[in-house]
>>> print(open('my_file24.txt').read())   # compact mmCIF, C-alpha atoms and all ligand atoms
# COMPACT_ATOMS: atom_id res chain seq x y z
CA MET D 1 63.68 97.69 82.56
CA ARG D 2 66.01 99.98 84.51
CA ALA D 3 68.67 101.90 82.57
CA PRO D 4 71.98 99.99 82.68
CA LEU D 5 74.79 101.57 84.69
CA ILE D 6 78.07 101.75 82.77
CA VAL D 7 81.18 102.61 84.81
CA GLY D 8 84.25 104.12 83.12
CA ILE D 9 87.71 103.65 84.65
CA GLY D 10 90.83 105.11 83.08
CA GLY D 11 92.88 108.09 81.99
CA THR D 12 96.20 109.56 83.03
CA PRO D 13 96.91 112.28 85.64
CA ARG D 14 97.46 114.88 82.89
CA PRO D 15 94.62 117.47 82.95
CA THR D 16 94.14 117.14 79.19
CA SER D 17 94.55 113.37 79.10
CA THR D 18 93.68 112.00 75.66
CA THR D 19 92.91 108.67 77.33
CA GLU D 20 90.34 110.24 79.65
CA CYS D 21 88.81 112.27 76.80
CA ALA D 22 88.47 109.04 74.81
CA LEU D 23 86.81 107.37 77.80
CA VAL D 24 84.38 110.29 78.25
CA THR D 25 83.49 110.07 74.54
CA ALA D 26 82.77 106.33 74.83
CA LEU D 27 80.63 106.96 77.93
CA ALA D 28 78.70 109.57 75.92
CA GLY D 29 78.02 106.83 73.34
CA ALA D 30 76.65 104.65 76.14
CA LYS D 31 74.53 107.54 77.43
CA ALA D 32 73.14 108.18 73.96
CA ASP D 33 71.88 104.58 74.02
CA GLY D 34 70.07 105.13 77.33
CA ALA D 35 72.72 104.11 79.89
CA ARG D 36 73.47 105.84 83.17
CA THR D 37 77.21 106.44 83.50
CA ALA D 38 79.84 107.04 86.17
CA LEU D 39 83.44 108.10 85.56
CA PHE D 40 86.57 107.33 87.59
CA GLY D 41 89.14 109.32 85.64
CA GLY D 42 92.81 110.21 85.95
CA ALA D 43 92.49 112.57 88.94
CA TYR D 44 90.62 109.91 90.96
CA LEU D 45 92.95 107.06 89.96
CA ALA D 46 96.05 109.16 90.74
CA ARG D 47 94.86 109.55 94.35
CA LEU D 48 94.56 105.79 94.88
CA PRO D 49 97.45 104.53 97.02
CA LEU D 50 99.26 101.45 95.79
CA TYR D 51 96.89 98.53 96.39
CA LEU D 52 97.49 96.55 99.62
CA THR D 53 99.58 99.26 101.27
CA PRO D 54 98.10 100.31 104.64
CA GLU D 55 96.89 103.58 103.05
CA SER D 56 94.84 101.64 100.48
CA GLU D 57 92.62 100.05 103.12
CA SER D 58 90.21 102.99 103.29
CA ALA D 59 90.63 104.09 99.65
CA GLY D 60 88.85 103.33 96.41
CA TRP D 61 85.52 102.36 97.96
CA GLU D 62 83.46 104.70 95.72
CA MET D 63 84.89 102.95 92.65
CA ILE D 64 84.45 99.48 94.14
CA GLU D 65 80.81 100.23 95.08
CA ALA D 66 80.11 101.60 91.59
CA VAL D 67 81.57 98.44 90.03
CA ARG D 68 79.39 96.30 92.33
CA LYS D 69 76.32 98.11 90.97
CA ALA D 70 77.54 98.23 87.35
CA ASP D 71 75.89 96.46 84.42
CA GLY D 72 78.96 97.10 82.25
CA LEU D 73 82.35 98.81 82.29
CA ILE D 74 84.64 100.72 79.95
CA ILE D 75 88.38 100.68 80.70
CA ALA D 76 90.80 103.10 79.03
CA SER D 77 94.58 102.84 79.40
CA PRO D 78 97.50 104.61 77.77
CA GLY D 79 100.36 102.52 76.43
CA TYR D 80 103.29 102.99 78.79
CA HIS D 81 106.42 101.18 77.60
CA GLY D 82 104.28 98.93 75.46
CA THR D 83 101.69 97.91 78.03
CA VAL D 84 98.92 99.04 80.41
CA SER D 85 99.91 101.95 82.68
CA GLY D 86 100.70 101.19 86.33
CA MET D 87 98.02 103.64 87.47
CA VAL D 88 95.22 101.89 85.55
CA LYS D 89 96.47 98.46 86.66
CA ASN D 90 96.59 99.65 90.27
CA ALA D 91 92.93 100.74 90.00
CA LEU D 92 92.00 97.32 88.59
CA ASP D 93 93.87 95.65 91.47
CA TYR D 94 91.31 97.26 93.81
CA LEU D 95 88.62 95.01 92.24
CA GLU D 96 90.19 92.18 94.24
CA ALA D 97 87.98 93.56 97.05
CA THR D 98 85.01 91.98 95.23
CA ALA D 99 86.54 88.46 95.22
CA GLY D 100 84.19 87.24 97.94
CA ASP D 101 81.08 89.02 96.62
CA PRO D 102 78.01 87.09 95.43
CA ARG D 103 79.04 88.43 91.99
CA PRO D 104 82.83 88.30 92.17
CA TYR D 105 85.06 90.61 90.10
CA LEU D 106 83.39 91.47 86.77
CA ASP D 107 81.58 88.14 86.51
CA GLY D 108 79.36 88.19 83.42
CA LEU D 109 79.73 91.93 82.75
CA PRO D 110 80.43 93.36 79.29
CA VAL D 111 83.61 95.44 79.28
CA GLY D 112 84.58 97.88 76.51
CA LEU D 113 88.29 98.60 76.02
CA ILE D 114 90.24 101.64 74.81
CA ALA D 115 93.99 101.94 74.28
CA THR D 116 95.86 105.16 73.51
CA ALA D 117 99.53 105.57 72.63
CA PHE D 118 101.86 108.01 70.90
CA GLY D 119 101.83 105.96 67.70
CA TRP D 120 100.12 102.68 66.76
CA GLN D 121 102.60 100.10 67.98
CA ALA D 122 101.69 100.04 71.68
CA THR D 123 97.91 100.19 71.14
CA GLY D 124 97.68 96.54 70.01
CA GLY D 125 99.64 95.27 73.01
CA VAL D 126 97.56 97.35 75.42
CA LEU D 127 94.25 96.07 73.98
CA THR D 128 95.49 92.46 74.16
CA THR D 129 96.68 92.92 77.75
CA LEU D 130 93.42 94.58 78.79
CA ARG D 131 91.49 91.67 77.24
CA SER D 132 93.58 89.18 79.25
CA ILE D 133 92.95 91.15 82.45
CA ILE D 134 89.19 91.22 81.79
CA HIS D 135 89.15 87.47 81.13
CA ALA D 136 90.95 86.96 84.46
CA LEU D 137 88.27 89.07 86.12
CA ARG D 138 85.54 86.90 84.48
CA GLY D 139 84.23 89.77 82.32
CA TRP D 140 83.30 89.70 78.65
CA PRO D 141 85.48 92.01 76.54
CA THR D 142 83.15 93.45 73.91
CA PRO D 143 84.11 92.65 70.29
CA TYR D 144 85.17 96.16 69.29
CA GLY D 145 88.21 97.68 71.03
CA ALA D 146 89.26 101.23 70.18
CA ALA D 147 92.92 101.97 69.44
CA ILE D 148 93.70 105.69 69.46
CA ASN D 149 96.89 107.28 68.13
CA ALA D 150 97.27 110.35 70.37
CA LYS D 151 99.78 111.81 67.88
CA THR D 152 97.05 112.39 65.31
CA VAL D 153 93.90 113.34 67.25
CA THR D 154 92.58 116.17 69.41
CA PHE D 155 89.52 116.30 71.62
CA ALA D 156 87.26 119.32 72.06
CA ASP D 157 83.75 119.90 73.44
CA GLY D 158 83.43 116.34 74.76
CA GLY D 159 84.30 114.61 71.50
CA CYS D 160 87.12 113.87 69.07
CA THR D 161 87.70 116.22 66.16
CA ASP D 162 88.32 113.15 63.99
CA LEU D 163 84.78 111.91 63.33
CA GLU D 164 85.92 108.36 62.53
CA VAL D 165 87.67 108.10 65.93
CA ASN D 166 84.60 109.63 67.56
CA ALA D 167 82.42 106.95 65.94
CA GLN D 168 84.83 104.18 67.07
CA LEU D 169 84.68 105.37 70.68
CA CYS D 170 80.88 105.67 70.62
CA ARG D 171 80.77 102.12 69.19
CA VAL D 172 82.63 100.88 72.29
CA GLY D 173 80.05 102.58 74.55
CA ARG D 174 77.15 101.29 72.47
CA GLN D 175 78.35 97.67 72.41
CA VAL D 176 78.67 97.65 76.20
CA THR D 177 75.20 99.20 76.63
CA GLU D 178 73.66 96.80 74.11
CA HIS D 179 75.09 93.73 75.86
CA ALA D 180 74.12 95.09 79.30
CA GLY D 181 70.58 95.74 78.04
CA LEU D 182 70.29 92.22 76.59
CA ARG D 183 71.26 90.77 79.96
CA LEU D 184 68.81 92.98 81.83
CA ARG D 185 65.94 92.17 79.43
CA ASP D 186 66.53 88.41 79.34
CA PRO D 187 64.23 86.64 81.84
CA ALA D 188 66.64 83.69 81.80
CA HIS D 189 69.39 86.07 82.92
CA ALA D 190 67.52 86.98 86.09
CA ARG D 191 67.10 83.26 86.86
CA LEU D 192 70.73 82.47 86.01
CA GLU D 193 71.93 85.41 88.07
CA ARG D 194 69.91 84.19 91.05
CA GLU D 195 71.34 80.69 90.60
CA SER D 196 74.88 81.97 90.17
CA LEU D 197 74.51 84.17 93.27
CA ARG D 198 73.31 81.10 95.19
CA LEU D 199 76.22 78.99 93.86
CA ASN D 200 78.77 81.67 94.67
CA LEU D 201 77.36 82.01 98.17
CA LEU D 202 77.54 78.24 98.65
CA LEU D 203 81.14 78.21 97.37
CA ALA D 204 82.06 81.12 99.64
CA GLU D 205 80.48 79.34 102.60
CA GLY D 206 82.43 76.18 101.71
CA GLU D 207 85.69 78.11 101.42
CA HIS D 208 85.15 79.92 104.72
CA GLY D 209 83.82 76.82 106.47
CA VAL D 210 80.44 78.32 107.37
CA ALA D 211 78.19 75.60 108.81
CA GLY D 212 74.58 75.13 108.00
C1 LIG P 301 105.93 106.62 81.05
C2 LIG P 301 105.41 106.71 79.65
C3 LIG P 301 105.63 105.67 78.77
C4 LIG P 301 105.12 105.72 77.47
N1 LIG P 301 105.35 104.66 76.64
C5 LIG P 301 104.85 104.69 75.38
C6 LIG P 301 105.06 103.60 74.49
O1 LIG P 301 105.71 102.61 74.82
N2 LIG P 301 104.56 103.68 73.24
C7 LIG P 301 103.82 104.78 72.83
O2 LIG P 301 103.39 104.81 71.68
N3 LIG P 301 103.59 105.81 73.66
C8 LIG P 301 104.08 105.79 74.92
N4 LIG P 301 103.84 106.84 75.77
C9 LIG P 301 102.94 107.92 75.33
C10 LIG P 301 101.51 107.66 75.82
O3 LIG P 301 101.07 106.36 75.55
C11 LIG P 301 100.54 108.59 75.13
O4 LIG P 301 100.93 109.91 75.31
C12 LIG P 301 99.13 108.29 75.61
O5 LIG P 301 98.23 108.67 74.64
C13 LIG P 301 98.79 108.96 76.93
O6 LIG P 301 98.25 110.19 76.71
P1 LIG P 301 97.42 111.06 77.76
O7 LIG P 301 98.28 111.37 78.94
O8 LIG P 301 97.11 112.28 76.93
O9 LIG P 301 96.17 110.31 78.13
C14 LIG P 301 104.37 106.84 77.05
C15 LIG P 301 104.16 107.90 77.94
C16 LIG P 301 104.67 107.84 79.22
C17 LIG P 301 104.40 109.00 80.17
>>> encode(input="my_file24.txt", output="structure tokens", more="lines below")
Ligand SMILES: Cc1cc2nc3c(=O)[nH]c(=O)nc-3n(C[C@H](O)[C@H](O)[C@H](O)COP(=O)(O)O)c2cc1C
Amino acid sequence: MRAPLIVGIGGTPRPTSTTECALVTALAGAKADGARTALFGGAYLARLPLYLTPESESAGWEMIEAVRKADGLIIASPGYHGTVSGMVKNALDYLEATAGDPRPYLDGLPVGLIATAFGWQATGGVLTTLRSIIHALRGWPTPYGAAINAKTVTFADGGCTDLEVNAQLCRVGRQVTEHAGLRLRDPAHARLERESLRLNLLLAEGEHGVAG
């Protein structure tokens, strides 16, 4: 079985973004369980033009291609005014480019979720909103979502100084890797994936009126 590819998307443009550090820690948890990982952090997301503006047409393709190849994702957003940040949502809007793919959006993929905020209140709302977004994108939010209070934690040397928070973030990475591995190992999955690819292609042909 090939090692699953887990793609991380999230962070803020701040160089010491707690959100991005949390995401990197969760990806390390995935790596420790044998996953390959790719990160699209705050600096990358901050360069993405607003989706559907003319400038966005040639942007974001590295992230879109990585998502197409991914076996699982981890999304990390700060709480901005009680909800997901505009920058993270803009990045997720780019996944609309996969709508016509044989595997559209995040169809069938496990997705781990992380919310940070300056206090606890916004973290719950952000996790709930991220779960709704992932459902809309046909992904499977993994059972454990990490809520991080940025007021009380610091990150150093690729991990959180609070060992409990560190363990929570690694759990997010591990749950995504475990689910991705189950899918890759399951012979029925390969058959179902082939059938779903065929169905999606048929639907796409129907929608676009392709004869034959
Ligand atoms: C525009 C803006 C809005 C914010 N709104 C909230 C909020 O509603 N509740 C909250 O607890 N923190 C809020 N914060 C704080 C961030 O959620 C918090 O600092 C988060 O952990 C992001 O940190 P990072 O830049 O280190 O990744 C806000 C920050 C900004 C810049």
>>> residues_near_point(input="my_file24.txt", point="(87.0, 114.4, 77.0)", cutoff="9 Å", atoms="all atoms listed in the file", output="ChimeraX atom specification")
/D:16-25,155-160
>>> closest_atom_pairs(input="my_file24.txt", of="chain D", to="ligand LIG 301 (chain P)", cutoff="6 Å", atoms="all atoms listed in the file", output="JSON lines")
{"residue": "D:Gly11", "atom": "CA", "partner": "P:LIG301", "partner_atom": "O9", "distance": 5.5}
{"residue": "D:Thr12", "atom": "CA", "partner": "P:LIG301", "partner_atom": "O7", "distance": 4.9}
{"residue": "D:Arg14", "atom": "CA", "partner": "P:LIG301", "partner_atom": "O7", "distance": 5.3}
{"residue": "D:Ser17", "atom": "CA", "partner": "P:LIG301", "partner_atom": "O8", "distance": 3.5}
{"residue": "D:Thr18", "atom": "CA", "partner": "P:LIG301", "partner_atom": "O8", "distance": 3.7}
{"residue": "D:Thr19", "atom": "CA", "partner": "P:LIG301", "partner_atom": "O9", "distance": 3.7}
{"residue": "D:Pro78", "atom": "CA", "partner": "P:LIG301", "partner_atom": "O3", "distance": 4.6}
{"residue": "D:Gly79", "atom": "CA", "partner": "P:LIG301", "partner_atom": "O3", "distance": 4.0}
{"residue": "D:Tyr80", "atom": "CA", "partner": "P:LIG301", "partner_atom": "N1", "distance": 3.4}
{"residue": "D:His81", "atom": "CA", "partner": "P:LIG301", "partner_atom": "O1", "distance": 3.2}
{"residue": "D:Gly82", "atom": "CA", "partner": "P:LIG301", "partner_atom": "O1", "distance": 4.0}
{"residue": "D:Thr116", "atom": "CA", "partner": "P:LIG301", "partner_atom": "O5", "distance": 4.4}
{"residue": "D:Ala117", "atom": "CA", "partner": "P:LIG301", "partner_atom": "O3", "distance": 3.4}
{"residue": "D:Phe118", "atom": "CA", "partner": "P:LIG301", "partner_atom": "O2", "distance": 3.6}
{"residue": "D:Gly119", "atom": "CA", "partner": "P:LIG301", "partner_atom": "O2", "distance": 4.4}
{"residue": "D:Ala122", "atom": "CA", "partner": "P:LIG301", "partner_atom": "N2", "distance": 4.9}
{"residue": "D:Ala150", "atom": "CA", "partner": "P:LIG301", "partner_atom": "O5", "distance": 4.7}
>>> closest_residue(input="my_file24.txt", among="D:Ala99, D:Val67, D:Ala146, D:Val7", to="Trp120 in chain D", atoms="all atoms listed in the file")
D:Ala146
>>> atom_distance(input="my_file24.txt", atom1="CA of Arg103 in chain D", atom2="CA of Gly145 in chain D")
24.7 Å
>>> closest_residue(input="my_file24.txt", among="D:Lys31, D:Arg198, D:Arg183, D:Lys151", to="Asp101 in chain D", atoms="only C-alpha atoms")
D:Arg198
>>> axis_aligned_box(input="my_file24.txt", around="range 138-153 of chain D", padding_each_side="4 Å", output="lines of an AutoDock Vina configuration file")
center_x = 91.5
center_y = 100.1
center_z = 74.9
size_x = 24.6
size_y = 34.4
size_z = 27.2
>>> residues_around(input="my_file24.txt", residues="Val84 in chain D", least_positions_apart="5", cutoff="12 Å", atoms="all atoms listed in the file", output="PyMOL selection string")
chain D and resi 10-12+19+75-79+89-92+113-117+122-133
>>> closest_residue(input="my_file24.txt", among="D:Tyr94, D:Tyr144, D:Phe40, D:Tyr105", to="Leu27 in chain D", atoms="only C-alpha atoms")
D:Phe40
>>> atom_distance(input="my_file24.txt", atom1="CA of Gly29 in chain D", atom2="CA of Leu169 in chain D")
7.3 Å
>>> residues_around(input="my_file24.txt", residues="range 58-63 of chain D", least_positions_apart="3", cutoff="12 Å", atoms="all atoms listed in the file", output="CSV table (one decimal) with C-alpha atoms, keeping the file's coordinate frame")
chain,number,residue,atom,x,y,z
D,7,VAL,CA,81.2,102.6,84.8
D,8,GLY,CA,84.2,104.1,83.1
D,9,ILE,CA,87.7,103.6,84.6
D,10,GLY,CA,90.8,105.1,83.1
D,38,ALA,CA,79.8,107.0,86.2
D,39,LEU,CA,83.4,108.1,85.6
D,40,PHE,CA,86.6,107.3,87.6
D,41,GLY,CA,89.1,109.3,85.6
D,44,TYR,CA,90.6,109.9,91.0
D,45,LEU,CA,93.0,107.1,90.0
D,46,ALA,CA,96.0,109.2,90.7
D,47,ARG,CA,94.9,109.6,94.4
D,48,LEU,CA,94.6,105.8,94.9
D,49,PRO,CA,97.4,104.5,97.0
D,50,LEU,CA,99.3,101.4,95.8
D,51,TYR,CA,96.9,98.5,96.4
D,52,LEU,CA,97.5,96.6,99.6
D,53,THR,CA,99.6,99.3,101.3
D,54,PRO,CA,98.1,100.3,104.6
D,55,GLU,CA,96.9,103.6,103.0
D,66,ALA,CA,80.1,101.6,91.6
D,67,VAL,CA,81.6,98.4,90.0
D,68,ARG,CA,79.4,96.3,92.3
D,69,LYS,CA,76.3,98.1,91.0
D,70,ALA,CA,77.5,98.2,87.4
D,73,LEU,CA,82.4,98.8,82.3
D,90,ASN,CA,96.6,99.6,90.3
D,91,ALA,CA,92.9,100.7,90.0
D,92,LEU,CA,92.0,97.3,88.6
D,93,ASP,CA,93.9,95.6,91.5
D,94,TYR,CA,91.3,97.3,93.8
D,95,LEU,CA,88.6,95.0,92.2
D,96,GLU,CA,90.2,92.2,94.2
D,97,ALA,CA,88.0,93.6,97.0
D,98,THR,CA,85.0,92.0,95.2
>>> residues_around(input="my_file24.txt", residues="Gly139 in chain D", least_positions_apart="2", cutoff="7 Å", atoms="only C-alpha atoms", output="PyMOL selection string")
chain D and resi 106-111+134-135+137+141
>>> atom_distance(input="my_file24.txt", atom1="CA of Val153 in chain D", atom2="CA of Ser85 in chain D")
20.1 Å
>>> closest_residue(input="my_file24.txt", among="D:Pro102, D:Gly42, D:Gly112, D:Arg36", to="Gly173 in chain D", atoms="all atoms listed in the file")
D:Gly112
>>> closest_residue(input="my_file24.txt", among="D:Ala136, D:Ile74, D:Leu182, D:Val172", to="Met1 in chain D", atoms="all atoms listed in the file")
D:Leu182
>>> closest_residue(input="my_file24.txt", among="D:Leu203, D:Val165, D:Cys170, D:Val176", to="Thr142 in chain D", atoms="only C-alpha atoms")
D:Val176
>>> decode(input="my_file24.txt", residues="range 152-163 of chain D", atoms="N, CA and C atoms", output="JSON list (two decimals), in the first residue's frame")
[["chain", "number", "residue", "atom", "x", "y", "z"],
["D", 152, "THR", "N", -3.34, 30.88, 25.67],
["D", 152, "THR", "CA", -2.70, 30.09, 26.72],
["D", 152, "THR", "C", -1.60, 29.15, 26.22],
["D", 153, "VAL", "N", -1.31, 29.16, 24.90],
["D", 153, "VAL", "CA", -0.30, 28.21, 24.41],
["D", 153, "VAL", "C", 0.81, 28.90, 23.63],
["D", 154, "THR", "N", 1.96, 28.27, 23.59],
["D", 154, "THR", "CA", 3.05, 28.72, 22.70],
["D", 154, "THR", "C", 3.60, 27.50, 21.96],
["D", 155, "PHE", "N", 4.12, 27.77, 20.79],
["D", 155, "PHE", "CA", 4.70, 26.69, 19.98],
["D", 155, "PHE", "C", 6.19, 26.94, 19.85],
["D", 156, "ALA", "N", 6.96, 25.85, 19.93],
["D", 156, "ALA", "CA", 8.42, 25.94, 19.74],
["D", 156, "ALA", "C", 8.91, 24.61, 19.22],
["D", 157, "ASP", "N", 9.93, 24.66, 18.37],
["D", 157, "ASP", "CA", 10.56, 23.45, 17.82],
["D", 157, "ASP", "C", 9.54, 22.49, 17.21],
["D", 158, "GLY", "N", 8.60, 23.04, 16.45],
["D", 158, "GLY", "CA", 7.65, 22.20, 15.71],
["D", 158, "GLY", "C", 6.57, 21.56, 16.56],
["D", 159, "GLY", "N", 6.42, 21.98, 17.79],
["D", 159, "GLY", "CA", 5.35, 21.41, 18.62],
["D", 159, "GLY", "C", 4.86, 22.41, 19.64],
["D", 160, "CYS", "N", 3.78, 22.05, 20.35],
["D", 160, "CYS", "CA", 3.22, 22.94, 21.36],
["D", 160, "CYS", "C", 3.85, 22.63, 22.71],
["D", 161, "THR", "N", 4.14, 23.70, 23.47],
["D", 161, "THR", "CA", 4.76, 23.50, 24.77],
["D", 161, "THR", "C", 3.79, 22.85, 25.76],
["D", 162, "ASP", "N", 2.49, 22.98, 25.49],
["D", 162, "ASP", "CA", 1.49, 22.29, 26.30],
["D", 162, "ASP", "C", 1.31, 20.87, 25.72],
["D", 163, "LEU", "N", 1.74, 19.88, 26.45],
["D", 163, "LEU", "CA", 1.78, 18.51, 25.91],
["D", 163, "LEU", "C", 0.39, 17.97, 25.61]]
